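Q: One structure, as structure tokens, below. Some questions next.
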Amino acid sequence: MDLNQNNQNKDNKNDKKNKQGMFFVLATTIITTFLVLGLLDFAGKATTKEISYNEFLNMVEEGEVAEVIIGDNQLTIKPKSETENVLLPGIEMTYYTGVVKDEKLTERLDAADVKFWSEIPDTASAVFWNIMLSVVLPFGLIFFCMSYLMKKMSKGGGMMGIGKSNAKMYVQKETGVTFKDVAGQDEAKESLQEVVDFLHNPKKYTEIGAKLPKGALLVGPPGTGKTLLAKAVAGEAHVPFFSVSGSEFVEMYVGVGASRVRDLFKQAQAMAPCIIFIDEIDAIGKSRDTALGSNDEREQTLNQILSEMDGFSTEKGLLLLAATNRPEVLDPALLRPGRFDRRIIVDKPDLKGRVDVLKVHSKGVKMDETVDLEAIALATSGAVGSDLANMINEAAINAVKNGRKVVSQSDLFEAVEVVLVGKEKKDRIMKQEERRIVSYHEVGHALVSALQKDAEPVQKITIVPRTMGALGYVMHTPEEEKFLNTKAELDAMLVGLLAGRAAEEIVFDTVTTGASNDIERATKIARAMVTQYGMSKKFGLMGLESVQHRYLDGRAVMNCGEATVSEIDSEVMQMLKDAYEEAKRLLSENREAMDKIAEYLIEKETIT
């Protein structure tokens, strides 16, 4: 049985024992409390009996009363002959009745030779015993049982295991992932390969004086394979691998997260050499400040991680890996050398990387000779590993749906479209006039792209509606991978994006809502040209925006005054106006070609 299974079985047994112990103690406490209160009530009812005032007078006249104690609210009567107590044999029964205004009562008792006296009230004593029996005793029992329960639970990591680490532990044969399963991240693998080699052969590094890095931070957009890389390191190193998410350290109780960190590092040091992997570390590693959004529990957890990273020696072979897509929010103390010594960028794969990723994910998929993975890689610029894996799976599903036993190139392109713009909406029937408008709109995009030398070639034009809201679209496929865009290419993009609206205005002498996404994208490009790329005639090389959350949404934040913002808007407006006029000029000069292509598209719905 492997280490992970043993560890999991122990955790399950401990949790089961904790739950059983807690249930037993709570049940015992509740039952004991009710028993004590019930016995007190039972004893009171078994030794006393209430009678009416008439019955009391009859007992006095018949000479059956020995003593009477006159209280404020009741008369306590002790009979001369012992009444048999059925419930508690051997204990004398007494009677009591309510006080009635009877001026002749003392005369009757004196005539019947009955001893009587008025009770002096002992209020303090009565209240004391009443509180002791009804309040202190039950709560004392509960407190005792809960104290016992807390002591028992603290031995197993706190009550219900609150302070215990929830990290899952894997070993090499269970992760089943090696560097061969990670494609498109050659630089990241190379950096991590050195760490793996150090865990395998520490002597050759220590001889020269090198030390194992304490930590490595994997940074990149979602879906690029950060968690997969961490598992691959464990699979290559053949050492135990503790995996935990940053959010698992955050609790409502202050100090619980720090306790879990201590427990995690204690387990890891006992099993060294090993690897600890903390996914989404930004959940607990955010920069500490005194702002209103600060959180004492999270900061204590972060402080404990910093302390633990300073406290262990790398000679034992303990390595901390962490992953995040928001490195800019992490605390500087966490990122300094000596804690996270390496920052490994796991970025979106390039063309060669996408081809390799597609090859890895298509290993178990049957494909015919028409499949060209490089063409798919060219059409999916900006896609991450999880996107490409999803496309391969969608292509296989599409092939089965169409009754084929192998995947073809058409299935792969259809899968690319499904991931990018959604599935075809075959039940949506547009009016003929709307079909004409959509057709001319898409042909406007495609024709202007073909007429501009700096634009990307067109792969496909369609007017079939898609589930993500597109009534039609044009697919561009670049001839080669590009890492830079020239100003001429960006200008061509603006003209191409606004060409759909230009075609509508030229042909129908009106405009529709169909260009909303085109306008949004064109505005974003034009604004970036002015504020980030230094391509503005007015502002020159001045940086007016900075990008935040680069690996997430890439949102830009203005770095200028309010007066400058209005000037930026004017500049962007002029650039879009010029691009629109250029699009209208190109389409007007090629009106005949546009009409022919649009008629063909209306008839066929799709042109490739």
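Residue names in the structure tokens use chain letters A, B, ... in the order shown, residue numbers from 1 in each chain, and ligand numbers from 1 in the order shown.
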For A:Phe508, please output as number ranges by chain all residues within 12 Å (counting only C-alpha atoms; exclusion window: fewer than 5 positions along the same chain).
A: A: 433-434, 436-438, 440-441, 501-503
Q: Please provide as a VMD selection string all residues within 10 Å of A:Asp595, with the sequence filter that same-chain residues fewer than 5 positions apart are discarded (counting only C-alpha atoms).
A: chain A and resid 439 to 440 443 to 444 507 590 600 to 601
Q: Work out how far atom CA of A:Leu105 is from atom CA of A:Gln74, in Å to one decimal.
A: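 Distance reported for this atom pair: 13.6 Å.
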Q: May I have all residues of stretch 352-545 of chain A that DSSP, computed from the backbone, assigns to helix (DSSP H, G or I), given as a count of residues only?
A: 108
Q: Enumerate, in order of chain and increasing residue number, the residues of stretch 497-555 of chain A with an atom no farther than 12 Å from stretch 343-352 of chain A, each with its shortest atom pair and distance in Å to one decimal, counting only C-alpha atoms, as a Markdown table.
A:
| residue | atom | partner | partner_atom | distance |
| --- | --- | --- | --- | --- |
| A:Arg550 | CA | A:Asp347 | CA | 10.9 |
| A:Tyr551 | CA | A:Asp347 | CA | 8.5 |
| A:Leu552 | CA | A:Asp347 | CA | 11.5 |
Q: Only all heavy atoms, please: the residues just picked out, written as a PDB file, in the first residue's frame.
A:
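The resulting part.pdb:
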ATOM      1  N   ARG A 550      -1.767  41.081 -15.511  1.00  0.00           N
ATOM      2  CA  ARG A 550      -1.310  40.747 -16.855  1.00  0.00           C
ATOM      3  C   ARG A 550      -1.689  39.331 -17.255  1.00  0.00           C
ATOM      4  O   ARG A 550      -1.955  39.057 -18.431  1.00  0.00           O
ATOM      5  CB  ARG A 550       0.212  40.923 -16.923  1.00  0.00           C
ATOM      6  CG  ARG A 550       0.814  40.687 -18.304  1.00  0.00           C
ATOM      7  CD  ARG A 550       2.294  40.991 -18.306  1.00  0.00           C
ATOM      8  NE  ARG A 550       2.537  42.397 -17.982  1.00  0.00           N
ATOM      9  CZ  ARG A 550       2.475  43.370 -18.865  1.00  0.00           C
ATOM     10  NH1 ARG A 550       2.163  43.116 -20.119  1.00  0.00           N
ATOM     11  NH2 ARG A 550       2.725  44.607 -18.503  1.00  0.00           N
ATOM     12  N   TYR A 551      -1.700  38.404 -16.285  1.00  0.00           N
ATOM     13  CA  TYR A 551      -1.977  37.008 -16.615  1.00  0.00           C
ATOM     14  C   TYR A 551      -3.460  36.661 -16.519  1.00  0.00           C
ATOM     15  O   TYR A 551      -3.846  35.522 -16.746  1.00  0.00           O
ATOM     16  CB  TYR A 551      -1.176  36.090 -15.687  1.00  0.00           C
ATOM     17  CG  TYR A 551       0.318  36.260 -15.854  1.00  0.00           C
ATOM     18  CD1 TYR A 551       1.087  36.850 -14.865  1.00  0.00           C
ATOM     19  CD2 TYR A 551       0.951  35.858 -17.026  1.00  0.00           C
ATOM     20  CE1 TYR A 551       2.452  37.019 -15.020  1.00  0.00           C
ATOM     21  CE2 TYR A 551       2.306  36.028 -17.189  1.00  0.00           C
ATOM     22  CZ  TYR A 551       3.059  36.607 -16.188  1.00  0.00           C
ATOM     23  OH  TYR A 551       4.412  36.776 -16.358  1.00  0.00           O
ATOM     24  N   LEU A 552      -4.303  37.640 -16.176  1.00  0.00           N
ATOM     25  CA  LEU A 552      -5.739  37.390 -16.134  1.00  0.00           C
ATOM     26  C   LEU A 552      -6.428  38.200 -17.232  1.00  0.00           C
ATOM     27  O   LEU A 552      -6.335  37.865 -18.397  1.00  0.00           O
ATOM     28  CB  LEU A 552      -6.290  37.740 -14.743  1.00  0.00           C
ATOM     29  CG  LEU A 552      -5.830  36.780 -13.628  1.00  0.00           C
ATOM     30  CD1 LEU A 552      -6.301  37.262 -12.278  1.00  0.00           C
ATOM     31  CD2 LEU A 552      -6.343  35.375 -13.890  1.00  0.00           C
TER      32      LEU A 552
END
Q: For A:Gly385, list every protein, DNA or RNA residue within 9 Å, evaluated using only C-alpha atoms, and leave out those in the same chain fewer than 6 positions away; present the list as a PyMOL selection string.
A: chain A and resi 183-184+223-225+348-349+354+357-358
Q: Would you write out those residues with C-alpha atoms, as a PDB file, in the first residue's frame?
A:
ATOM      1  CA  ALA A 183       4.337  20.099 -23.681  1.00  0.00           C
ATOM      2  CA  GLY A 184       4.905  23.648 -24.841  1.00  0.00           C
ATOM      3  CA  GLY A 223      -4.884  26.776 -18.047  1.00  0.00           C
ATOM      4  CA  THR A 224      -1.183  26.868 -18.991  1.00  0.00           C
ATOM      5  CA  GLY A 225      -0.314  23.804 -16.891  1.00  0.00           C
ATOM      6  CA  LYS A 348       0.873  30.733 -23.312  1.00  0.00           C
ATOM      7  CA  PRO A 349       2.638  28.371 -25.743  1.00  0.00           C
ATOM      8  CA  ARG A 354       0.888  24.448 -29.445  1.00  0.00           C
ATOM      9  CA  VAL A 357       0.552  20.197 -26.887  1.00  0.00           C
ATOM     10  CA  LEU A 358      -1.798  18.998 -29.625  1.00  0.00           C
TER      11      LEU A 358
END
Q: Counting only C-alpha atoms, which residue out of A:Gln459, A:Asn393, A:Ser408, A:Thr531 sits closest to A:Tyr473?
A: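 Comparing A:Gln459, A:Asn393, A:Ser408, A:Thr531 against A:Tyr473, the winner is A:Gln459.
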Q: Name the residues of stretch 505-579 of chain A that come out as strand (DSSP E or B) in a backbone DSSP run; write them as a PyMOL selection string.
A: chain A and resi 536+540+545-547+556-558
